[in-house]
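Novice: So here's query-v5.txt (compact mmCIF, N, CA and C atoms).
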```txt
# COMPACT_ATOMS: atom_id res chain seq x y z
N MET A 152 -23.61 10.46 14.49
CA MET A 152 -23.97 9.33 13.65
C MET A 152 -23.90 8.05 14.50
N GLU A 153 -24.77 7.10 14.15
CA GLU A 153 -24.83 5.85 14.90
C GLU A 153 -25.00 4.67 13.94
N LEU A 154 -24.39 3.54 14.30
CA LEU A 154 -24.52 2.30 13.55
C LEU A 154 -24.84 1.18 14.53
N GLN A 155 -25.94 0.48 14.26
CA GLN A 155 -26.28 -0.72 15.02
C GLN A 155 -25.84 -1.92 14.20
N ILE A 156 -24.99 -2.76 14.79
CA ILE A 156 -24.51 -3.95 14.10
C ILE A 156 -25.09 -5.19 14.75
N TYR A 157 -25.63 -6.06 13.91
CA TYR A 157 -26.07 -7.38 14.32
C TYR A 157 -25.25 -8.40 13.54
N THR A 158 -25.31 -9.65 13.97
CA THR A 158 -24.69 -10.75 13.25
C THR A 158 -25.73 -11.83 13.05
N ALA A 159 -25.57 -12.63 11.99
CA ALA A 159 -26.51 -13.72 11.73
C ALA A 159 -25.90 -14.71 10.74
N GLN A 160 -26.46 -15.90 10.75
CA GLN A 160 -26.06 -16.93 9.79
C GLN A 160 -26.83 -16.71 8.49
N ILE A 161 -26.12 -16.87 7.36
CA ILE A 161 -26.77 -16.76 6.06
C ILE A 161 -27.91 -17.78 6.00
N GLY A 162 -29.05 -17.33 5.54
CA GLY A 162 -30.24 -18.17 5.47
C GLY A 162 -31.17 -18.00 6.66
N LYS A 163 -30.66 -17.48 7.77
CA LYS A 163 -31.49 -17.26 8.96
C LYS A 163 -32.07 -15.85 8.99
N TYR A 164 -31.40 -14.92 8.30
CA TYR A 164 -31.87 -13.55 8.26
C TYR A 164 -31.74 -13.02 6.84
N LYS A 165 -32.81 -12.38 6.35
CA LYS A 165 -32.83 -11.89 4.97
C LYS A 165 -33.34 -10.46 4.88
N GLY A 166 -33.17 -9.70 5.93
CA GLY A 166 -33.66 -8.33 5.95
C GLY A 166 -32.88 -7.40 5.04
N PRO A 167 -33.37 -6.17 4.90
CA PRO A 167 -32.75 -5.20 3.98
C PRO A 167 -31.35 -4.78 4.39
N ASP A 168 -30.99 -4.97 5.65
CA ASP A 168 -29.66 -4.58 6.13
C ASP A 168 -28.67 -5.75 6.14
N ALA A 169 -29.07 -6.90 5.56
CA ALA A 169 -28.19 -8.08 5.51
C ALA A 169 -26.97 -7.78 4.65
N TYR A 170 -25.79 -8.16 5.16
CA TYR A 170 -24.54 -7.87 4.44
C TYR A 170 -23.62 -9.08 4.53
N ASP A 171 -23.44 -9.77 3.42
CA ASP A 171 -22.65 -10.99 3.34
C ASP A 171 -21.17 -10.66 3.44
N VAL A 172 -20.52 -11.22 4.46
CA VAL A 172 -19.08 -11.05 4.64
C VAL A 172 -18.38 -12.41 4.64
N SER A 173 -19.02 -13.40 4.01
CA SER A 173 -18.44 -14.75 3.99
C SER A 173 -17.34 -14.85 2.95
N VAL A 174 -16.45 -15.81 3.15
CA VAL A 174 -15.38 -16.06 2.19
C VAL A 174 -15.95 -16.64 0.90
N LYS A 175 -17.06 -17.33 1.00
CA LYS A 175 -17.66 -17.99 -0.16
C LYS A 175 -18.34 -17.02 -1.12
N SER A 176 -19.12 -16.08 -0.58
CA SER A 176 -19.95 -15.25 -1.45
C SER A 176 -20.02 -13.78 -1.06
N GLY A 177 -19.22 -13.37 -0.08
CA GLY A 177 -19.37 -12.03 0.46
C GLY A 177 -18.39 -11.01 -0.06
N ASP A 178 -18.45 -9.85 0.55
CA ASP A 178 -17.59 -8.72 0.23
C ASP A 178 -16.16 -9.06 0.63
N ILE A 179 -15.27 -9.11 -0.34
CA ILE A 179 -13.88 -9.53 -0.07
C ILE A 179 -13.14 -8.56 0.83
N ASN A 180 -13.65 -7.34 0.98
CA ASN A 180 -13.00 -6.39 1.89
C ASN A 180 -13.11 -6.83 3.35
N PHE A 181 -14.09 -7.68 3.65
CA PHE A 181 -14.35 -8.05 5.04
C PHE A 181 -14.30 -9.56 5.29
N ALA A 182 -14.13 -10.34 4.26
CA ALA A 182 -14.12 -11.80 4.38
C ALA A 182 -12.73 -12.31 4.74
N PRO A 183 -12.68 -13.43 5.45
CA PRO A 183 -11.38 -14.07 5.67
C PRO A 183 -10.93 -14.73 4.37
N THR A 184 -9.74 -15.28 4.36
CA THR A 184 -9.29 -16.04 3.19
C THR A 184 -9.66 -17.51 3.39
N TRP A 185 -9.69 -18.26 2.28
CA TRP A 185 -9.94 -19.69 2.38
C TRP A 185 -8.85 -20.36 3.22
N ASP A 186 -7.61 -19.91 3.08
CA ASP A 186 -6.50 -20.50 3.85
C ASP A 186 -6.75 -20.42 5.35
N ILE A 187 -7.18 -19.26 5.81
CA ILE A 187 -7.44 -19.07 7.24
C ILE A 187 -8.60 -19.95 7.69
N VAL A 188 -9.68 -19.93 6.93
CA VAL A 188 -10.87 -20.71 7.29
C VAL A 188 -10.56 -22.21 7.32
N GLN A 189 -9.89 -22.71 6.29
CA GLN A 189 -9.58 -24.14 6.23
C GLN A 189 -8.61 -24.57 7.34
N ALA A 190 -7.64 -23.72 7.66
CA ALA A 190 -6.70 -24.04 8.73
C ALA A 190 -7.44 -24.14 10.07
N TRP A 191 -8.39 -23.24 10.31
CA TRP A 191 -9.18 -23.28 11.54
C TRP A 191 -10.04 -24.55 11.59
N LYS A 192 -10.74 -24.81 10.50
CA LYS A 192 -11.63 -25.98 10.47
C LYS A 192 -10.87 -27.29 10.61
N ALA A 193 -9.64 -27.34 10.09
CA ALA A 193 -8.83 -28.56 10.16
C ALA A 193 -8.10 -28.70 11.50
N GLY A 194 -8.20 -27.70 12.34
CA GLY A 194 -7.53 -27.74 13.64
C GLY A 194 -6.04 -27.43 13.55
N GLU A 195 -5.61 -26.86 12.44
CA GLU A 195 -4.20 -26.54 12.25
C GLU A 195 -3.79 -25.27 12.99
N ILE A 196 -4.76 -24.42 13.27
CA ILE A 196 -4.50 -23.20 14.04
C ILE A 196 -5.54 -23.09 15.14
N ASN A 197 -5.18 -22.42 16.23
CA ASN A 197 -6.15 -22.20 17.30
C ASN A 197 -6.87 -20.87 17.06
N TRP A 198 -7.82 -20.56 17.93
CA TRP A 198 -8.63 -19.36 17.73
C TRP A 198 -7.79 -18.09 17.84
N ASP A 199 -6.82 -18.08 18.73
CA ASP A 199 -5.96 -16.89 18.86
C ASP A 199 -5.21 -16.62 17.56
N THR A 200 -4.70 -17.66 16.93
CA THR A 200 -3.98 -17.50 15.66
C THR A 200 -4.94 -17.06 14.56
N TYR A 201 -6.13 -17.66 14.52
CA TYR A 201 -7.15 -17.24 13.55
C TYR A 201 -7.43 -15.75 13.71
N THR A 202 -7.66 -15.34 14.95
CA THR A 202 -7.97 -13.94 15.24
C THR A 202 -6.85 -13.02 14.78
N GLN A 203 -5.62 -13.40 15.08
CA GLN A 203 -4.47 -12.59 14.68
C GLN A 203 -4.37 -12.48 13.16
N ARG A 204 -4.54 -13.59 12.45
CA ARG A 204 -4.46 -13.56 10.98
C ARG A 204 -5.59 -12.76 10.37
N TYR A 205 -6.80 -12.93 10.90
CA TYR A 205 -7.93 -12.17 10.38
C TYR A 205 -7.74 -10.67 10.65
N ARG A 206 -7.25 -10.34 11.82
CA ARG A 206 -6.99 -8.94 12.16
C ARG A 206 -5.99 -8.33 11.17
N GLU A 207 -4.90 -9.03 10.90
CA GLU A 207 -3.90 -8.55 9.94
C GLU A 207 -4.52 -8.37 8.56
N LEU A 208 -5.35 -9.32 8.16
CA LEU A 208 -6.03 -9.24 6.88
C LEU A 208 -6.92 -7.99 6.81
N MET A 209 -7.65 -7.72 7.90
CA MET A 209 -8.55 -6.57 7.93
C MET A 209 -7.78 -5.25 7.98
N LEU A 210 -6.64 -5.23 8.67
CA LEU A 210 -5.81 -4.02 8.67
C LEU A 210 -5.33 -3.70 7.26
N ASN A 211 -4.91 -4.73 6.53
CA ASN A 211 -4.50 -4.53 5.13
C ASN A 211 -5.68 -4.11 4.26
N SER A 212 -6.84 -4.69 4.52
CA SER A 212 -8.04 -4.32 3.78
C SER A 212 -8.36 -2.84 4.01
N TYR A 213 -8.26 -2.40 5.23
CA TYR A 213 -8.53 -1.00 5.55
C TYR A 213 -7.54 -0.07 4.83
N LYS A 214 -6.28 -0.46 4.82
CA LYS A 214 -5.26 0.36 4.14
C LYS A 214 -5.54 0.45 2.64
N ARG A 215 -6.01 -0.64 2.04
CA ARG A 215 -6.28 -0.68 0.60
C ARG A 215 -7.59 0.00 0.21
N ASN A 216 -8.60 -0.08 1.10
CA ASN A 216 -9.92 0.40 0.71
C ASN A 216 -10.65 1.03 1.90
N GLN A 217 -10.15 2.15 2.34
CA GLN A 217 -10.78 2.83 3.47
C GLN A 217 -12.22 3.24 3.16
N ARG A 218 -12.51 3.54 1.91
CA ARG A 218 -13.87 3.96 1.54
C ARG A 218 -14.89 2.88 1.91
N ALA A 219 -14.58 1.62 1.62
CA ALA A 219 -15.51 0.52 1.94
C ALA A 219 -15.78 0.46 3.45
N TRP A 220 -14.76 0.66 4.24
CA TRP A 220 -14.91 0.63 5.69
C TRP A 220 -15.75 1.82 6.18
N HIS A 221 -15.51 2.98 5.64
CA HIS A 221 -16.27 4.15 6.07
C HIS A 221 -17.71 4.10 5.56
N ASP A 222 -17.93 3.51 4.40
CA ASP A 222 -19.29 3.31 3.90
C ASP A 222 -20.10 2.44 4.86
N ILE A 223 -19.47 1.42 5.40
CA ILE A 223 -20.14 0.53 6.37
C ILE A 223 -20.61 1.34 7.59
N LEU A 224 -19.75 2.23 8.06
CA LEU A 224 -20.09 3.03 9.24
C LEU A 224 -21.30 3.92 9.02
N GLU A 225 -21.63 4.21 7.77
CA GLU A 225 -22.73 5.13 7.45
C GLU A 225 -24.07 4.42 7.22
N LYS A 226 -24.12 3.12 7.37
CA LYS A 226 -25.33 2.36 7.02
C LYS A 226 -26.48 2.50 8.01
N GLY A 227 -26.24 2.89 9.23
CA GLY A 227 -27.32 3.02 10.21
C GLY A 227 -27.62 1.72 10.93
N VAL A 228 -28.01 0.70 10.17
CA VAL A 228 -28.24 -0.65 10.72
C VAL A 228 -27.60 -1.63 9.75
N LEU A 229 -26.90 -2.61 10.29
CA LEU A 229 -26.18 -3.57 9.47
C LEU A 229 -26.17 -4.93 10.14
N THR A 230 -26.47 -5.98 9.37
CA THR A 230 -26.38 -7.34 9.89
C THR A 230 -25.31 -8.08 9.10
N LEU A 231 -24.22 -8.42 9.77
CA LEU A 231 -23.11 -9.14 9.15
C LEU A 231 -23.46 -10.61 9.04
N LEU A 232 -23.39 -11.15 7.83
CA LEU A 232 -23.77 -12.54 7.58
C LEU A 232 -22.59 -13.38 7.13
N CYS A 233 -22.55 -14.62 7.60
CA CYS A 233 -21.67 -15.64 7.04
C CYS A 233 -22.32 -17.00 7.29
N TYR A 234 -21.67 -18.06 6.87
CA TYR A 234 -22.27 -19.39 6.93
C TYR A 234 -22.10 -20.08 8.28
N CYS A 235 -21.26 -19.57 9.15
CA CYS A 235 -21.07 -20.19 10.47
C CYS A 235 -22.35 -20.13 11.28
N ARG A 236 -22.59 -21.16 12.06
CA ARG A 236 -23.72 -21.14 12.99
C ARG A 236 -23.42 -20.17 14.12
N ALA A 237 -24.47 -19.68 14.75
CA ALA A 237 -24.30 -18.82 15.93
C ALA A 237 -23.51 -19.62 16.96
N ASP A 238 -22.57 -18.97 17.60
CA ASP A 238 -21.64 -19.66 18.48
C ASP A 238 -21.49 -18.88 19.77
N GLU A 239 -21.81 -19.53 20.89
CA GLU A 239 -21.67 -18.86 22.18
C GLU A 239 -20.22 -18.47 22.46
N ASP A 240 -19.28 -19.24 21.93
CA ASP A 240 -17.86 -18.93 22.12
C ASP A 240 -17.37 -17.87 21.14
N LYS A 241 -18.25 -17.47 20.22
CA LYS A 241 -17.96 -16.42 19.23
C LYS A 241 -16.80 -16.79 18.31
N HIS A 242 -16.74 -18.04 17.89
CA HIS A 242 -15.71 -18.50 16.95
C HIS A 242 -16.19 -18.32 15.52
N CYS A 243 -16.29 -17.09 15.10
CA CYS A 243 -16.67 -16.74 13.73
C CYS A 243 -16.14 -15.34 13.47
N HIS A 244 -15.67 -15.13 12.25
CA HIS A 244 -15.09 -13.82 11.94
C HIS A 244 -16.11 -12.69 11.98
N ARG A 245 -17.42 -12.99 11.84
CA ARG A 245 -18.39 -11.90 11.87
C ARG A 245 -18.40 -11.22 13.23
N TYR A 246 -18.13 -11.98 14.30
CA TYR A 246 -18.06 -11.38 15.64
C TYR A 246 -16.80 -10.50 15.77
N LEU A 247 -15.70 -10.98 15.19
CA LEU A 247 -14.47 -10.19 15.19
C LEU A 247 -14.67 -8.90 14.41
N LEU A 248 -15.28 -9.02 13.23
CA LEU A 248 -15.52 -7.85 12.39
C LEU A 248 -16.40 -6.83 13.10
N ALA A 249 -17.43 -7.29 13.78
CA ALA A 249 -18.30 -6.36 14.52
C ALA A 249 -17.47 -5.59 15.55
N ASP A 250 -16.58 -6.28 16.26
CA ASP A 250 -15.72 -5.60 17.24
C ASP A 250 -14.77 -4.61 16.57
N PHE A 251 -14.22 -4.99 15.41
CA PHE A 251 -13.33 -4.08 14.68
C PHE A 251 -14.09 -2.81 14.28
N LEU A 252 -15.34 -2.98 13.85
CA LEU A 252 -16.14 -1.82 13.43
C LEU A 252 -16.47 -0.91 14.60
N VAL A 253 -16.65 -1.49 15.79
CA VAL A 253 -16.87 -0.67 16.99
C VAL A 253 -15.64 0.21 17.22
N LYS A 254 -14.45 -0.38 17.12
CA LYS A 254 -13.21 0.38 17.34
C LYS A 254 -13.01 1.44 16.26
N LEU A 255 -13.31 1.10 15.01
CA LEU A 255 -13.19 2.06 13.93
C LEU A 255 -14.15 3.23 14.13
N GLY A 256 -15.36 2.91 14.59
CA GLY A 256 -16.35 3.95 14.88
C GLY A 256 -15.84 4.90 15.95
N GLU A 257 -15.23 4.36 17.00
CA GLU A 257 -14.69 5.20 18.07
C GLU A 257 -13.67 6.19 17.52
N LYS A 258 -12.84 5.74 16.60
CA LYS A 258 -11.80 6.60 16.03
C LYS A 258 -12.35 7.64 15.05
N ASN A 259 -13.58 7.39 14.57
CA ASN A 259 -14.16 8.28 13.55
C ASN A 259 -15.42 9.00 14.02
N GLY A 260 -15.67 8.99 15.32
CA GLY A 260 -16.80 9.72 15.87
C GLY A 260 -18.16 9.11 15.55
N VAL A 261 -18.18 7.80 15.30
CA VAL A 261 -19.44 7.09 15.03
C VAL A 261 -19.72 6.17 16.21
N ASN A 262 -20.91 6.29 16.77
CA ASN A 262 -21.31 5.42 17.87
C ASN A 262 -21.77 4.10 17.28
N VAL A 263 -20.91 3.09 17.35
CA VAL A 263 -21.24 1.77 16.81
C VAL A 263 -21.65 0.88 17.97
N ILE A 264 -22.87 0.36 17.86
CA ILE A 264 -23.44 -0.48 18.92
C ILE A 264 -23.47 -1.91 18.42
N ASN A 265 -22.73 -2.79 19.06
CA ASN A 265 -22.72 -4.20 18.70
C ASN A 265 -23.87 -4.88 19.42
N GLU A 266 -24.94 -5.14 18.68
CA GLU A 266 -26.16 -5.71 19.25
C GLU A 266 -26.10 -7.23 19.38
N GLY A 267 -25.07 -7.86 18.80
CA GLY A 267 -24.92 -9.31 18.88
C GLY A 267 -25.75 -10.02 17.82
N GLU A 268 -26.02 -11.28 18.07
CA GLU A 268 -26.73 -12.12 17.10
C GLU A 268 -28.18 -11.65 16.94
N ARG A 269 -28.63 -11.58 15.69
CA ARG A 269 -30.01 -11.19 15.39
C ARG A 269 -30.96 -12.21 15.98
N PRO A 270 -32.02 -11.76 16.63
CA PRO A 270 -33.01 -12.72 17.12
C PRO A 270 -33.71 -13.39 15.94
N LEU A 271 -33.96 -14.67 16.07
CA LEU A 271 -34.64 -15.42 15.01
C LEU A 271 -36.15 -15.24 15.14
N PRO A 272 -36.86 -15.35 14.03
CA PRO A 272 -38.31 -15.20 14.10
C PRO A 272 -38.93 -16.36 14.88
N VAL A 273 -39.99 -16.04 15.61
CA VAL A 273 -40.76 -17.05 16.32
C VAL A 273 -42.02 -17.31 15.52
N LYS A 274 -42.27 -18.58 15.17
CA LYS A 274 -43.42 -18.93 14.35
C LYS A 274 -44.66 -19.06 15.22
N GLU A 275 -45.76 -18.49 14.73
CA GLU A 275 -47.05 -18.75 15.36
C GLU A 275 -47.77 -19.77 14.50
N VAL A 276 -48.18 -20.85 15.12
CA VAL A 276 -48.80 -21.94 14.38
C VAL A 276 -50.25 -22.07 14.83
N ALA A 277 -51.14 -22.19 13.86
CA ALA A 277 -52.55 -22.38 14.16
C ALA A 277 -53.03 -23.64 13.46
N ALA A 278 -53.99 -24.30 14.05
CA ALA A 278 -54.54 -25.50 13.43
C ALA A 278 -55.48 -25.11 12.29
N ASP A 279 -55.35 -25.79 11.17
CA ASP A 279 -56.27 -25.62 10.04
C ASP A 279 -57.38 -26.63 10.26
N THR A 280 -58.57 -26.16 10.63
CA THR A 280 -59.66 -27.07 11.00
C THR A 280 -60.16 -27.89 9.83
N ARG A 281 -59.98 -27.43 8.61
CA ARG A 281 -60.44 -28.20 7.45
C ARG A 281 -59.54 -29.40 7.17
N SER A 282 -58.22 -29.20 7.25
CA SER A 282 -57.31 -30.29 6.90
C SER A 282 -56.79 -31.02 8.13
N GLY A 283 -56.96 -30.43 9.30
CA GLY A 283 -56.45 -31.05 10.52
C GLY A 283 -54.95 -30.85 10.70
N LYS A 284 -54.33 -30.08 9.82
CA LYS A 284 -52.89 -29.84 9.90
C LYS A 284 -52.63 -28.45 10.47
N ALA A 285 -51.43 -28.28 10.99
CA ALA A 285 -51.03 -26.97 11.49
C ALA A 285 -50.45 -26.16 10.33
N LYS A 286 -50.64 -24.85 10.42
CA LYS A 286 -50.03 -23.98 9.41
C LYS A 286 -49.45 -22.76 10.10
N VAL A 287 -48.38 -22.22 9.54
CA VAL A 287 -47.75 -21.03 10.09
C VAL A 287 -48.61 -19.84 9.71
N THR A 288 -48.98 -19.05 10.71
CA THR A 288 -49.83 -17.89 10.45
C THR A 288 -49.04 -16.58 10.44
N SER A 289 -47.96 -16.51 11.20
CA SER A 289 -47.15 -15.29 11.20
C SER A 289 -45.82 -15.54 11.87
N PHE A 290 -44.93 -14.59 11.68
CA PHE A 290 -43.62 -14.61 12.33
C PHE A 290 -43.48 -13.34 13.16
N HIS A 291 -42.82 -13.47 14.29
CA HIS A 291 -42.52 -12.31 15.12
C HIS A 291 -41.07 -12.42 15.54
N PHE A 292 -40.43 -11.27 15.71
CA PHE A 292 -39.07 -11.24 16.21
C PHE A 292 -39.11 -10.80 17.66
N PHE A 293 -38.49 -11.58 18.51
CA PHE A 293 -38.44 -11.24 19.92
C PHE A 293 -37.00 -11.14 20.36
N GLU A 294 -36.71 -10.11 21.09
CA GLU A 294 -35.44 -10.03 21.79
C GLU A 294 -35.57 -10.92 23.01
N LYS A 295 -34.48 -11.39 23.53
CA LYS A 295 -34.51 -12.26 24.71
C LYS A 295 -35.28 -11.63 25.86
N ASN A 296 -35.08 -10.33 26.08
CA ASN A 296 -35.73 -9.66 27.20
C ASN A 296 -37.23 -9.49 26.99
N ASP A 297 -37.68 -9.38 25.74
CA ASP A 297 -39.10 -9.23 25.46
C ASP A 297 -39.87 -10.44 25.97
N ALA A 298 -39.36 -11.62 25.71
CA ALA A 298 -40.04 -12.84 26.13
C ALA A 298 -40.04 -12.94 27.65
N ASP A 299 -38.96 -12.52 28.29
CA ASP A 299 -38.88 -12.56 29.74
C ASP A 299 -39.93 -11.66 30.39
N GLU A 300 -40.21 -10.52 29.78
CA GLU A 300 -41.15 -9.57 30.36
C GLU A 300 -42.59 -10.08 30.31
N GLU A 301 -42.89 -10.97 29.39
CA GLU A 301 -44.25 -11.49 29.27
C GLU A 301 -44.56 -12.55 30.32
N ILE A 302 -43.54 -13.11 30.93
CA ILE A 302 -43.73 -14.19 31.92
C ILE A 302 -44.18 -13.64 33.23
```
Could you write out this structure as C-alpha cells?

Specialist:
Amino acid sequence: MELQIYTAQIGKYKGPDAYDVSVKSGDINFAPTWDIVQAWKAGEINWDTYTQRYRELMLNSYKRNQRAWHDILEKGVLTLLCYCRADEDKHCHRYLLADFLVKLGEKNGVNVINEGERPLPVKEVAADTRSGKAKVTSFHFFEKNDADEEI
C-alpha cells in the first residue's frame, strides 16, 4: 500500500483529496489547539516548543483514535490543508503532520511519500480581441522540474 501526501494552504487547492487539518475548521484528530497556535503567533513559544507540544497532542490523538490515523494511511493520495501560507522554513503543523504520517506508515507497512507543497496552477491568459481585455483560458499544474525541462 502507498500514500502520497501533499500540503497546501486552504483556498489554494480544492481537489478531491483535500483534507482540512486546521484548528479553525478541520479534523480535530489532526489539528493543533488554539492555545498552541496563539502562543506561536504571539511569540510566546519557539518552533521547537510548538513542535514538541503538537507532537504530544498527536500522540494522544493516536492513542484515542487509532482508526482515524489508519484511515488516513489508506487514502492513496492526500493533501493536508490549513490556513498557514507555504513556508520555506516549514513553520506549519501540516508539515509536521506529514512527517508523522511517514513514520506511522513505516511502522504499519505503508509506503508514505511526502511530496511537499502542492504545485499551484499556472494560468494561461489570452487576449480577447473583441473587448481588448485578457481572459484566463485554462489552468495547468506544473511540478518545479516540469518547467525546468521545457527550458

Novice: Report the distance between atom CA of A:Tyr213 and atom N of A:Leu255 in Å, rounded to one decimal place.

Specialist: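 Distance reported for this atom pair: 10.8 Å.
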
Novice: Within 12 Å of A:Met209, counting only C-alpha atoms, which residues show up once you throw out same-chain ones fewer than 5 positions away? Write them as a PyMOL selection string, please.

Specialist: chain A and resi 172+179-184+202-204+214-217+219-220+244-245+247-252+255

Novice: Write down as a ChimeraX atom specification the residues belonging to stretch 199-284 of chain A that are assigned helix (DSSP H, G or I) by DSSP computed on the backbone.

Specialist: /A:199-215,217-224,244-258

Novice: How many Å lie between atom CA of A:Lys165 and atom CA of A:Ile223, rounded to one decimal?

Specialist: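 One can read the atom CA of A:Lys165 to atom CA of A:Ile223 distance as 17.8 Å.
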
Novice: Go ahead and compute the interatomic distance for atom CA of A:Gly267 and atom CA of A:Asp186, in Å to one decimal.

Specialist: 26.3 Å

Novice: Looking at A:Leu229, A:Val253, A:Val188, A:Leu224, which one is nearest to A:Met152, with distances taken over only N, CA and C atoms?

Specialist: A:Leu224
